[in-house]
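See below for run.txt, which holds compact mmCIF, C-alpha atoms.
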```txt
# COMPACT_ATOMS: atom_id res chain seq x y z
CA MET V 1369 18.59 42.46 -12.56
CA SER V 1370 21.03 43.95 -15.08
CA THR V 1371 24.52 45.03 -14.04
CA ARG V 1372 23.68 48.62 -14.93
CA ARG V 1373 20.53 48.63 -12.78
CA GLU V 1374 22.47 47.04 -9.89
CA PHE V 1375 25.06 49.80 -10.21
CA LEU V 1376 22.47 52.59 -10.16
CA LYS V 1377 20.83 51.10 -7.10
CA SER V 1378 24.11 51.06 -5.16
CA ALA V 1379 25.18 54.46 -6.51
CA ALA V 1380 22.13 56.10 -4.96
CA LEU V 1381 23.84 55.77 -1.59
CA LEU V 1382 26.83 57.86 -2.63
CA GLY V 1383 25.37 61.38 -2.47
CA VAL V 1384 24.40 64.21 -4.80
CA ALA V 1385 26.49 64.95 -7.89
CA GLY V 1386 28.20 68.32 -7.78
CA ALA V 1387 27.57 69.15 -11.40
CA ALA V 1388 25.03 70.60 -13.79
CA VAL V 1389 22.73 69.02 -16.34
CA PRO V 1390 20.74 70.77 -19.07
CA ASP V 1391 18.01 73.08 -17.76
CA ALA V 1392 15.32 71.10 -19.55
CA MET V 1393 16.14 68.13 -17.33
CA ALA V 1394 16.79 69.69 -13.96
CA GLN V 1395 16.01 72.19 -11.25
CA THR V 1396 18.81 74.44 -10.01
CA VAL V 1397 20.01 74.77 -6.42
CA LYS V 1398 22.64 77.44 -5.81
CA THR V 1399 25.23 77.15 -3.04
CA PRO V 1400 28.08 79.50 -2.11
CA GLN V 1401 30.66 77.29 -3.84
CA THR V 1402 29.12 75.92 -7.00
CA VAL V 1403 25.89 75.19 -8.80
CA TYR V 1404 24.23 71.84 -8.22
CA GLN V 1405 21.48 70.63 -10.48
CA ILE V 1406 19.47 67.61 -9.51
CA ALA V 1407 17.57 65.69 -12.14
CA PRO V 1408 13.89 65.09 -11.38
CA LYS V 1409 12.82 61.53 -10.68
CA SER V 1410 11.21 61.27 -14.09
CA ALA V 1411 14.46 61.90 -16.00
CA GLN V 1412 15.85 58.91 -17.86
CA LEU V 1413 19.57 58.07 -17.93
CA ALA V 1414 18.94 55.19 -20.30
CA LYS V 1415 16.15 52.95 -21.45
CA GLY V 1416 14.53 51.49 -18.34
CA SER V 1417 16.83 53.21 -15.84
CA ILE V 1418 15.82 56.05 -13.51
CA HIS V 1419 18.28 58.89 -12.88
CA LEU V 1420 19.31 58.80 -9.24
CA ALA V 1421 21.32 61.34 -7.27
CA VAL V 1422 24.89 59.99 -7.33
CA SER V 1423 28.40 61.18 -6.56
CA ASP V 1424 30.56 62.54 -9.37
CA ARG V 1425 32.66 59.36 -9.46
CA ALA V 1426 29.58 57.15 -9.48
CA TYR V 1427 28.20 59.19 -12.38
CA TRP V 1428 31.47 58.90 -14.32
CA LEU V 1429 31.45 55.17 -13.65
CA ASP V 1430 27.95 54.92 -15.05
CA VAL V 1431 29.01 56.84 -18.17
CA THR V 1432 32.04 54.54 -18.52
CA GLN V 1433 29.76 51.51 -18.49
CA ARG V 1434 27.21 53.02 -20.84
CA ILE V 1435 29.90 53.72 -23.42
CA ALA V 1436 31.91 50.53 -22.95
CA ARG V 1437 29.38 47.74 -22.60
CA PRO V 1438 27.83 47.68 -26.09
CA VAL V 1439 31.30 47.44 -27.64
CA LEU V 1440 32.91 44.99 -25.22
CA GLU V 1441 29.96 42.71 -24.59
CA ASN V 1442 29.48 42.15 -28.31
CA LEU V 1443 33.15 42.00 -29.28
CA SER V 1444 33.98 39.57 -26.48
CA GLN V 1445 31.31 37.27 -27.96
CA ARG V 1446 32.72 37.84 -31.45
CA LYS V 1447 29.58 39.47 -32.80
CA LEU V 1448 30.49 43.17 -32.91
CA ARG V 1449 30.50 43.28 -36.70
CA GLN V 1450 27.12 41.57 -36.73
CA VAL V 1451 25.44 43.86 -34.16
CA MET V 1452 27.04 47.32 -34.22
CA PRO V 1453 25.28 49.90 -36.43
CA VAL V 1454 27.38 51.94 -38.85
CA GLU V 1455 26.16 55.52 -39.05
CA ALA V 1456 28.25 57.41 -41.61
CA GLU V 1457 28.04 59.47 -44.77
CA ASN V 1458 29.22 56.37 -46.64
CA PRO V 1459 28.51 53.33 -44.42
CA ALA V 1460 29.81 50.80 -46.95
CA ASP V 1461 33.23 52.46 -46.95
CA ARG V 1462 33.49 53.23 -43.23
CA SER V 1463 32.41 49.70 -42.25
CA LYS V 1464 35.95 48.66 -43.24
CA TYR V 1465 37.33 50.68 -40.33
CA THR V 1466 34.64 51.48 -37.79
CA HIS V 1467 34.98 48.40 -35.57
CA LEU V 1468 38.68 48.94 -34.83
CA GLU V 1469 37.87 52.62 -34.28
CA ALA V 1470 35.31 51.78 -31.62
CA PHE V 1471 37.50 49.24 -29.83
CA GLY V 1472 40.82 51.09 -30.00
CA ARG V 1473 39.45 54.45 -28.93
CA LEU V 1474 37.38 52.94 -26.14
CA MET V 1475 40.39 51.13 -24.71
CA ALA V 1476 42.58 54.24 -24.86
CA GLY V 1477 40.01 56.00 -22.67
CA ILE V 1478 38.95 53.41 -20.11
CA ALA V 1479 42.33 51.67 -19.68
CA PRO V 1480 43.47 53.57 -16.55
CA TRP V 1481 40.28 52.58 -14.70
CA LEU V 1482 40.94 48.90 -15.43
CA THR V 1483 43.86 48.95 -12.98
CA ALA V 1484 42.58 51.60 -10.55
CA GLN V 1485 43.17 50.78 -6.87
CA GLY V 1486 41.29 51.50 -3.65
CA LEU V 1487 37.83 50.76 -5.06
CA ASP V 1488 34.88 49.63 -2.95
CA ASP V 1489 33.49 46.13 -3.40
CA SER V 1490 30.78 47.16 -5.86
CA GLU V 1491 33.14 49.05 -8.17
CA THR V 1492 35.74 46.29 -7.91
CA ARG V 1493 33.20 43.76 -9.18
CA LEU V 1494 32.32 46.03 -12.09
CA GLN V 1495 36.00 46.60 -12.87
CA LYS V 1496 36.75 42.86 -12.91
CA ASN V 1497 33.84 42.28 -15.24
CA ILE V 1498 34.98 44.94 -17.71
CA VAL V 1499 38.59 43.69 -17.56
CA LYS V 1500 37.41 40.20 -18.43
CA LEU V 1501 35.39 41.55 -21.37
CA ALA V 1502 38.33 43.67 -22.56
CA GLN V 1503 40.74 40.73 -22.48
CA ALA V 1504 38.35 38.53 -24.43
CA SER V 1505 37.83 41.41 -26.87
CA LEU V 1506 41.59 41.71 -27.48
CA ASP V 1507 41.59 38.06 -28.50
CA ALA V 1508 38.52 38.43 -30.73
CA ALA V 1509 39.91 41.53 -32.47
CA THR V 1510 43.33 40.06 -33.29
CA ASP V 1511 42.57 36.38 -33.94
CA PRO V 1512 42.65 35.87 -37.73
CA LYS V 1513 40.00 33.15 -37.37
CA SER V 1514 37.58 35.44 -35.53
CA PRO V 1515 34.55 36.88 -37.36
CA ASP V 1516 35.53 40.13 -35.63
CA PHE V 1517 39.20 40.04 -36.73
CA MET V 1518 39.89 43.69 -37.39
CA ASN V 1519 41.42 45.52 -40.30
CA PHE V 1520 44.95 46.66 -39.40
CA THR V 1521 46.30 47.04 -42.94
CA MET V 1522 43.76 48.08 -45.61
CA GLY V 1523 43.58 51.83 -46.28
CA GLY V 1524 45.16 54.49 -44.07
CA GLN V 1525 42.66 54.63 -41.22
CA PRO V 1526 43.79 51.43 -39.44
CA LEU V 1527 47.07 53.09 -38.45
CA VAL V 1528 45.08 55.63 -36.42
CA ASP V 1529 43.16 53.07 -34.44
CA ALA V 1530 45.98 50.56 -34.09
CA ALA V 1531 47.67 53.47 -32.30
CA PHE V 1532 44.73 54.10 -30.00
CA LEU V 1533 44.57 50.39 -29.18
CA ALA V 1534 48.31 50.38 -28.50
CA GLN V 1535 47.89 53.44 -26.27
CA GLY V 1536 45.18 51.66 -24.29
CA ILE V 1537 47.44 48.65 -23.72
CA LEU V 1538 50.29 50.92 -22.59
CA ARG V 1539 47.99 52.75 -20.19
CA ALA V 1540 47.02 49.50 -18.43
CA PRO V 1541 49.60 46.75 -19.10
CA LEU V 1542 48.72 44.98 -15.85
CA ALA V 1543 45.21 44.37 -17.22
CA LEU V 1544 45.66 44.44 -20.98
CA TRP V 1545 49.05 42.85 -21.56
CA GLU V 1546 50.77 41.00 -18.70
CA PRO V 1547 47.88 38.58 -17.88
CA LEU V 1548 47.15 37.64 -21.48
CA ASP V 1549 47.81 34.18 -22.87
CA PRO V 1550 51.06 34.20 -24.93
CA ILE V 1551 49.02 33.26 -27.99
CA VAL V 1552 46.90 36.41 -27.62
CA GLN V 1553 50.02 38.50 -26.99
CA ALA V 1554 51.50 37.15 -30.22
CA GLN V 1555 48.29 37.99 -32.09
CA ILE V 1556 48.41 41.59 -30.82
CA VAL V 1557 52.06 41.99 -31.80
CA ALA V 1558 51.33 40.61 -35.26
CA ALA V 1559 48.35 42.95 -35.70
CA LEU V 1560 50.33 46.03 -34.63
CA LYS V 1561 53.27 45.08 -36.84
CA SER V 1562 50.96 44.59 -39.80
CA SER V 1563 49.94 48.27 -39.56
CA ARG V 1564 53.48 49.09 -40.73
CA ALA V 1565 52.23 48.29 -44.22
CA ILE V 1566 50.64 51.75 -44.07
CA LYS V 1567 53.14 54.34 -45.27
CA THR V 1568 54.93 56.39 -42.60
CA PRO V 1569 53.03 59.71 -42.27
CA THR V 1570 55.01 62.92 -42.60
CA GLY V 1571 52.76 65.97 -42.81
CA ASN V 1572 50.33 66.06 -39.87
CA ASN V 1573 49.38 64.62 -36.48
CA TRP V 1574 49.38 61.10 -37.98
CA VAL V 1575 53.11 60.94 -37.25
CA MET V 1576 52.07 60.26 -33.66
CA PHE V 1577 50.06 57.22 -34.68
CA ALA V 1578 53.11 55.58 -36.22
CA ALA V 1579 55.18 56.50 -33.15
CA MET V 1580 52.53 55.18 -30.75
CA VAL V 1581 52.45 51.78 -32.44
CA GLU V 1582 56.23 51.55 -32.40
CA ILE V 1583 56.64 52.47 -28.74
CA ALA V 1584 54.02 49.87 -27.82
CA LEU V 1585 55.96 47.26 -29.79
CA HIS V 1586 59.09 48.35 -27.90
CA ARG V 1587 57.25 47.80 -24.60
CA MET V 1588 56.25 44.36 -25.89
CA GLY V 1589 59.90 43.44 -26.49
CA GLU V 1590 59.97 44.00 -30.24
CA LEU V 1591 62.50 45.90 -32.35
CA THR V 1592 61.32 49.30 -33.58
CA ILE V 1593 61.80 51.31 -36.76
CA LYS V 1594 63.52 54.67 -36.24
CA GLU V 1595 61.70 56.30 -39.16
CA ARG V 1596 58.37 55.45 -37.51
CA LEU V 1597 59.35 56.27 -33.91
CA GLU V 1598 62.16 58.73 -33.15
CA ASP V 1599 61.91 60.53 -36.49
CA CYS V 1600 58.13 60.94 -36.17
CA VAL V 1601 58.43 62.29 -32.61
CA HIS V 1602 61.04 64.84 -33.67
CA ARG V 1603 58.84 65.90 -36.59
CA MET V 1604 55.89 66.53 -34.27
CA LEU V 1605 58.04 68.48 -31.82
CA GLY V 1606 59.23 70.65 -34.70
CA TRP V 1607 55.68 71.93 -35.24
CA TYR V 1608 55.39 73.58 -31.82
CA LYS V 1609 53.80 77.02 -32.16
CA GLY V 1610 54.08 78.31 -28.58
CA ASP V 1611 51.97 78.62 -25.44
CA GLY V 1612 51.22 74.92 -25.24
CA ALA V 1613 49.96 74.45 -28.82
CA TYR V 1614 51.34 72.48 -31.76
CA GLY V 1615 50.51 72.87 -35.40
CA ASP V 1616 48.88 69.95 -37.17
CA GLY V 1617 51.85 69.82 -39.47
CA GLU V 1618 53.30 73.21 -40.34
CA ALA V 1619 49.90 74.92 -40.10
CA PHE V 1620 48.07 75.76 -36.88
CA HIS V 1621 44.39 74.75 -36.75
CA TRP V 1622 41.68 75.96 -34.36
CA ASP V 1623 40.51 72.49 -33.38
CA TYR V 1624 41.11 70.06 -30.52
CA TYR V 1625 43.74 67.80 -32.10
CA ASN V 1626 46.26 68.98 -29.51
CA SER V 1627 43.97 67.16 -27.07
CA PHE V 1628 42.60 64.35 -29.23
CA VAL V 1629 46.05 63.17 -30.30
CA ILE V 1630 49.13 65.36 -30.00
CA HIS V 1631 49.78 65.99 -26.29
CA PRO V 1632 48.44 62.63 -25.04
CA MET V 1633 50.44 60.59 -27.53
CA LEU V 1634 53.58 62.69 -27.12
CA LEU V 1635 53.45 62.22 -23.33
CA ASP V 1636 52.77 58.49 -23.51
CA THR V 1637 55.39 57.90 -26.20
CA LEU V 1638 58.09 60.05 -24.59
CA ALA V 1639 57.52 58.43 -21.18
CA LEU V 1640 58.90 55.18 -22.62
CA LEU V 1641 61.18 56.69 -25.25
CA LYS V 1642 63.24 58.49 -22.58
CA GLU V 1643 63.93 55.08 -21.01
CA LYS V 1644 64.99 53.71 -24.39
CA ASP V 1645 67.13 56.77 -25.17
CA ALA V 1646 68.17 59.13 -22.34
CA SER V 1647 68.45 62.07 -24.75
CA PHE V 1648 64.65 62.26 -24.72
CA ALA V 1649 64.45 62.91 -20.94
CA PRO V 1650 64.71 66.72 -21.20
CA ILE V 1651 62.32 66.66 -24.15
CA TYR V 1652 59.76 64.83 -22.01
CA LYS V 1653 60.14 67.47 -19.30
CA THR V 1654 59.54 70.24 -21.84
CA GLU V 1655 56.54 68.47 -23.34
CA LEU V 1656 55.01 67.95 -19.88
CA ALA V 1657 55.21 71.71 -19.25
CA ARG V 1658 53.54 72.38 -22.61
CA ALA V 1659 50.82 69.79 -21.95
CA ARG V 1660 50.11 71.29 -18.51
CA ARG V 1661 49.62 74.67 -20.13
CA TYR V 1662 47.29 73.23 -22.75
CA ALA V 1663 45.30 71.53 -20.00
CA GLU V 1664 44.99 74.87 -18.26
CA ILE V 1665 43.65 76.45 -21.45
CA LEU V 1666 41.06 73.68 -21.79
CA GLU V 1667 39.85 74.26 -18.24
CA ARG V 1668 39.49 77.99 -18.93
CA LEU V 1669 37.41 77.23 -22.04
CA ILE V 1670 34.70 75.53 -19.94
CA SER V 1671 31.99 78.15 -19.45
CA PRO V 1672 30.12 78.79 -16.17
CA ASP V 1673 27.23 76.62 -17.38
CA GLY V 1674 29.44 73.73 -18.51
CA THR V 1675 29.78 74.24 -22.25
CA PHE V 1676 32.88 74.70 -24.39
CA PRO V 1677 33.31 76.03 -27.94
CA SER V 1678 32.68 73.72 -30.87
CA LEU V 1679 35.74 74.52 -32.99
CA GLY V 1680 37.23 72.87 -36.04
CA ARG V 1681 36.82 69.33 -37.23
CA SER V 1682 35.94 66.14 -35.34
CA THR V 1683 33.72 67.85 -32.78
CA THR V 1684 31.66 64.64 -32.71
CA TYR V 1685 34.34 63.21 -30.40
CA ARG V 1686 32.45 65.20 -27.76
CA PHE V 1687 34.21 65.38 -24.38
CA GLY V 1688 37.19 63.55 -25.86
CA ALA V 1689 38.23 67.15 -26.55
CA LEU V 1690 39.13 67.32 -22.84
CA GLN V 1691 41.58 64.43 -23.01
CA SER V 1692 44.63 66.61 -22.28
CA LEU V 1693 43.01 68.01 -19.15
CA ALA V 1694 41.93 64.49 -18.18
CA GLN V 1695 45.42 63.10 -18.71
CA ILE V 1696 47.18 65.82 -16.72
CA ALA V 1697 44.66 65.26 -13.91
CA LEU V 1698 45.35 61.50 -14.04
CA MET V 1699 49.10 62.17 -13.86
CA GLU V 1700 48.49 64.51 -10.88
CA HIS V 1701 50.32 67.33 -12.66
CA LEU V 1702 47.54 69.92 -12.83
CA PRO V 1703 48.78 73.53 -12.91
CA ASP V 1704 48.87 75.26 -9.52
CA ARG V 1705 45.84 77.41 -10.38
CA ILE V 1706 43.62 74.37 -10.96
CA SER V 1707 42.77 72.22 -7.98
CA PRO V 1708 41.88 68.56 -8.68
CA ALA V 1709 38.33 69.08 -7.38
CA GLN V 1710 37.97 72.14 -9.60
CA ALA V 1711 38.92 70.10 -12.66
CA ARG V 1712 36.50 67.36 -11.63
CA CYS V 1713 33.57 69.76 -11.25
CA ALA V 1714 34.21 71.47 -14.58
CA MET V 1715 34.60 68.19 -16.46
CA THR V 1716 31.59 66.58 -14.80
CA VAL V 1717 29.30 69.35 -15.98
CA VAL V 1718 30.53 68.97 -19.56
CA ILE V 1719 30.20 65.19 -19.49
CA ARG V 1720 26.68 65.44 -18.07
CA ARG V 1721 25.55 67.96 -20.68
CA MET V 1722 26.83 65.88 -23.56
CA THR V 1723 25.87 62.46 -22.22
CA GLU V 1724 22.33 63.44 -21.23
CA ALA V 1725 21.55 65.32 -24.45
CA ARG V 1726 18.73 63.66 -26.39
CA GLY V 1727 20.05 61.46 -29.18
CA THR V 1728 23.57 60.94 -27.82
CA PHE V 1729 22.75 57.22 -27.73
CA ASP V 1730 20.39 55.27 -29.93
CA ALA V 1731 17.68 52.99 -28.51
CA ASP V 1732 20.19 50.14 -28.16
CA GLY V 1733 22.84 52.21 -26.40
CA TRP V 1734 25.22 52.94 -29.30
CA LEU V 1735 26.68 56.42 -29.69
CA GLN V 1736 25.26 58.55 -32.49
CA ILE V 1737 26.96 61.30 -34.48
CA GLY V 1738 26.77 64.71 -32.81
CA PHE V 1739 28.39 67.20 -30.48
CA CYS V 1740 25.45 67.68 -28.11
CA GLY V 1741 22.81 65.16 -29.07
CA HIS V 1742 22.24 63.64 -32.51
CA GLN V 1743 23.59 66.03 -35.16
CA PRO V 1744 24.51 63.97 -38.25
CA SER V 1745 25.54 67.01 -40.30
CA LEU V 1746 28.55 67.47 -37.99
CA GLY V 1747 30.06 64.19 -39.15
CA GLU V 1748 32.92 64.60 -41.63
CA THR V 1749 33.37 61.97 -44.35
CA TYR V 1750 35.74 60.00 -42.11
CA ILE V 1751 33.32 59.92 -39.15
CA SER V 1752 31.31 56.80 -38.35
CA THR V 1753 29.84 55.17 -35.27
CA GLY V 1754 33.20 53.76 -34.19
CA SER V 1755 34.90 57.15 -34.43
CA LEU V 1756 32.67 58.56 -31.71
CA TYR V 1757 34.16 56.35 -29.00
CA LEU V 1758 37.11 58.73 -28.64
CA CYS V 1759 34.86 60.52 -26.15
CA ALA V 1760 36.05 57.83 -23.70
CA ALA V 1761 39.42 59.61 -23.58
CA GLY V 1762 37.77 62.27 -21.42
CA LEU V 1763 37.29 59.64 -18.70
CA LEU V 1764 40.99 59.06 -17.91
CA PRO V 1765 40.73 60.30 -14.29
CA MET V 1766 38.71 57.19 -13.49
CA GLY V 1767 42.16 55.68 -13.04
CA LEU V 1768 42.60 57.73 -9.85
CA PRO V 1769 41.42 56.01 -6.63
CA PRO V 1770 38.23 57.32 -5.01
CA ALA V 1771 40.23 58.71 -2.09
CA ASN V 1772 42.28 60.95 -4.40
CA ASP V 1773 41.68 64.70 -4.12
CA PHE V 1774 40.29 64.70 -7.66
CA TRP V 1775 37.29 62.72 -6.41
CA ASN V 1776 37.34 63.45 -2.70
CA GLY V 1777 37.79 67.23 -2.69
CA PRO V 1778 34.77 69.44 -2.00
CA ALA V 1779 32.85 70.90 -4.94
CA THR V 1780 34.77 73.91 -6.24
CA ARG V 1781 34.03 76.62 -8.80
CA TRP V 1782 36.11 76.39 -11.95
CA THR V 1783 37.85 79.39 -13.51
CA ALA V 1784 35.01 80.70 -15.70
CA GLN V 1785 32.50 80.37 -12.87
CA ARG V 1786 34.71 82.39 -10.54
CA LEU V 1787 35.49 85.12 -13.06
CA TRP V 1788 31.94 85.54 -14.38
CA SER V 1789 30.57 85.74 -10.84
CA GLY V 1790 32.87 88.69 -10.12
CA GLU V 1791 35.28 86.79 -7.89
CA ASP V 1792 38.86 88.02 -7.86
CA ALA V 1793 41.30 85.50 -9.37
CA ALA V 1794 44.89 85.20 -10.51
CA ARG V 1795 45.57 86.53 -14.01
CA ASP V 1796 46.36 84.16 -16.86
CA HIS V 1797 49.66 84.20 -18.76
CA ALA V 1798 51.41 82.33 -21.55
CA ILE V 1799 54.40 80.02 -21.21
CA THR V 1800 57.50 80.67 -23.23
CA GLU V 1801 59.24 77.28 -23.52
```

Once you've parsed the file, please lay out its structure as structure tokens.
Amino acid sequence: MSTRREFLKSAALLGVAGAAVPDAMAQTVKTPQTVYQIAPKSAQLAKGSIHLAVSDRAYWLDVTQRIARPVLENLSQRKLRQVMPVEAENPADRSKYTHLEAFGRLMAGIAPWLTAQGLDDSETRLQKNIVKLAQASLDAATDPKSPDFMNFTMGGQPLVDAAFLAQGILRAPLALWEPLDPIVQAQIVAALKSSRAIKTPTGNNWVMFAAMVEIALHRMGELTIKERLEDCVHRMLGWYKGDGAYGDGEAFHWDYYNSFVIHPMLLDTLALLKEKDASFAPIYKTELARARRYAEILERLISPDGTFPSLGRSTTYRFGALQSLAQIALMEHLPDRISPAQARCAMTVVIRRMTEARGTFDADGWLQIGFCGHQPSLGETYISTGSLYLCAAGLLPMGLPPANDFWNGPATRWTAQRLWSGEDAARDHAITE
């Protein structure tokens, strides 16, 4: 019996998910607090697997596995390049970058779960298995003799995904750094350092990729380059536009790069930078307030039926657009007007809608280009199969233990559900810092 099927069998004991799925797949049952939708027995989660009624956490765990296993199982065996499809406008070009994209972005998203505590025996076994695959994958991706040795230097794109890989390691050092063989650690350091061959960015959110690599090298005991760390952080901070939003460079864009990159990497970089240089401590405090506000905005953008606007570029990162909300929930710093259970319910509905949409995965379980299903026309020239794995960044709360209020709190209406049902609620307001 496959690991996935074993998981679904045990998950059936955990209860009914407090979230919605597309109407075409489900019947609706209304309760005083929220809307539950239960998939019929005929609905398919994946090839050969029957959709069972599961708890929200069990569902998120299943999504985590569905996204992670094709990448990690193949990379750990050093055959990712051989097996992974490359869907792109120009596959020959994007095949130079797509494998590091898939691995780095996946690790940035699932890393907190790899060291989550308080799990039951079944989830602990799954976690240990994925940790083992991730550690072997780190070796395969950074060993120059490996057929899956990844491109950290050629073109500009590798700087982006070296940063996501570095972010993943920083989010779970007890699984992805401390236990590694010194030879593998040295390989990772060499790979991250080699990305310095890519010119220091100056004009957009890419400054955070340079900074993220440098702060990871600092955590690994290496000397850093001020131009690529402190100077890049200050440049990003200088583009703040107000009310929790940064420009992508001098200009403000209506997209989700504040969530894909800017707030998450600022928070993770500043958390270590303030220990390196105490002058960054008040800056971290200010950025946390801004990130909390942006998380609040994201929650308010989730409609009563679990959709959110498709705005700007890179919408094929799907629920990775919710990374800032996911990160603030993981940090247990949600704004007062958003309860942890409320955030869980809102995010679960979005994740269900996007994950269960026809065409999200191909027949072999790889992600396909799209926002809700398979929509190749949404893929910009830089989008390929590997790019899509940034959706994993929406799964950060998996790092919270099952007993945490995020998972354990009763199903709760989110802001749009309350307001559109006529319920009285606190008014929204901007922040000024």

| said: Which residues are near region 1574-1585 of chain V? Cut-off 9 Å, only C-alpha atoms, ignore same chain within fewer than 6 positions. Put them as JSON, numbers by chain. | reply: {"V": [1527, 1528, 1529, 1530, 1531, 1532, 1533, 1534, 1535, 1537, 1538, 1557, 1560, 1561, 1563, 1564, 1568, 1591, 1592, 1593, 1594, 1595, 1596, 1597, 1598, 1599, 1600, 1601, 1603, 1604, 1616, 1629, 1630, 1633, 1634, 1636, 1637, 1638, 1640, 1641]}

Using all atoms of region 1461-1466 of chain V that appear in the file, construct an axis-aligned enclosing box with 5 Å of padding on every side and provide its centre coordinates and edge lengths in Å, rounded to one decimal, as AutoDock Vina command-line options.
```
--center_x 34.9 --center_y 50.9 --center_z -42.4 --size_x 14.9 --size_y 14.6 --size_z 19.2
```

Closest of V:Ile1478, V:Leu1635, V:Met1522, V:Met1452 to Lys1464 (chain V), counting all atoms listed in the file, is V:Met1522

Between V:Ser1444, V:Ser1692, V:Ser1423, V:Ser1490, smallest distance to Leu1763 (chain V) by only C-alpha atoms belongs to V:Ser1692

Residues near Gly1612 (chain V), cut-off 8 Å, all atoms listed in the file, skip fewer than 4 positions along chain, as a JSON list (two decimals) with C-alpha atoms, keeping the file's coordinate frame:
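Dumped everything to selection38.json:
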```json
[["chain", "number", "residue", "atom", "x", "y", "z"],
["V", 1608, "TYR", "CA", 55.39, 73.58, -31.82],
["V", 1657, "ALA", "CA", 55.21, 71.71, -19.25],
["V", 1658, "ARG", "CA", 53.54, 72.38, -22.61],
["V", 1659, "ALA", "CA", 50.82, 69.79, -21.95],
["V", 1660, "ARG", "CA", 50.11, 71.29, -18.51],
["V", 1661, "ARG", "CA", 49.62, 74.67, -20.13],
["V", 1662, "TYR", "CA", 47.29, 73.23, -22.75],
["V", 1799, "ILE", "CA", 54.40, 80.02, -21.21]]
```

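Taking CA of Leu1440 (chain V) and CA of Leu1501 (chain V) as the two end points, the separation is 5.7 Å.
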
Using all atoms listed in the file, the shortest atom-to-atom distance to Gln1555 (chain V) among V:Lys1567, V:Arg1781, V:Lys1513, V:Lys1653 belongs to V:Lys1513

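Minimum distance to Val1717 (chain V) across V:Ser1671, V:Gln1503, V:Asn1776, V:Thr1654 (counting all atoms listed in the file) occurs at V:Ser1671.
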
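You can rank V:Leu1702, V:Arg1587, V:Met1766, V:Trp1607 by their closest distance to Glu1643 (chain V) using all atoms listed in the file, and at the top of that list sits V:Arg1587.
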
Select, counting all atoms listed in the file, all protein, DNA and RNA residues no farther than 9 Å from (35.6, 57.2, -7.5) in file coordinates, and express the selection as a compact mmCIF listing (two decimals) with C-alpha atoms, in the coordinates of the input.
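out02.txt was written with the following content:
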```
# COMPACT_ATOMS: atom_id res chain seq x y z
CA SER V 1423 28.40 61.18 -6.56
CA ASP V 1424 30.56 62.54 -9.37
CA ARG V 1425 32.66 59.36 -9.46
CA ALA V 1426 29.58 57.15 -9.48
CA TRP V 1428 31.47 58.90 -14.32
CA LEU V 1429 31.45 55.17 -13.65
CA GLY V 1486 41.29 51.50 -3.65
CA LEU V 1487 37.83 50.76 -5.06
CA ASP V 1488 34.88 49.63 -2.95
CA GLU V 1491 33.14 49.05 -8.17
CA MET V 1766 38.71 57.19 -13.49
CA GLY V 1767 42.16 55.68 -13.04
CA LEU V 1768 42.60 57.73 -9.85
CA PRO V 1769 41.42 56.01 -6.63
CA PRO V 1770 38.23 57.32 -5.01
CA ALA V 1771 40.23 58.71 -2.09
CA ASN V 1772 42.28 60.95 -4.40
CA PHE V 1774 40.29 64.70 -7.66
CA TRP V 1775 37.29 62.72 -6.41
CA ASN V 1776 37.34 63.45 -2.70
```

Excluding same-chain residues fewer than 5 positions from Thr1466 (chain V), what lies within 8 Å of it counting only C-alpha atoms, as a PDB file with C-alpha atoms, in the coordinates of the input?
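part12.pdb was written with the following content:
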```pdb
ATOM      1  CA  VAL V1454      27.380  51.940 -38.850  1.00  0.00           C
ATOM      2  CA  SER V1752      31.310  56.800 -38.350  1.00  0.00           C
ATOM      3  CA  THR V1753      29.840  55.170 -35.270  1.00  0.00           C
ATOM      4  CA  GLY V1754      33.200  53.760 -34.190  1.00  0.00           C
ATOM      5  CA  SER V1755      34.900  57.150 -34.430  1.00  0.00           C
TER       6      SER V1755
END
```

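Note that the spacing between CA of Gly1477 (chain V) and CA of Thr1432 (chain V) amounts to 9.1 Å.
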
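When CA of Arg1720 (chain V) is paired with CA of Cys1740 (chain V), their separation reads 10.4 Å.
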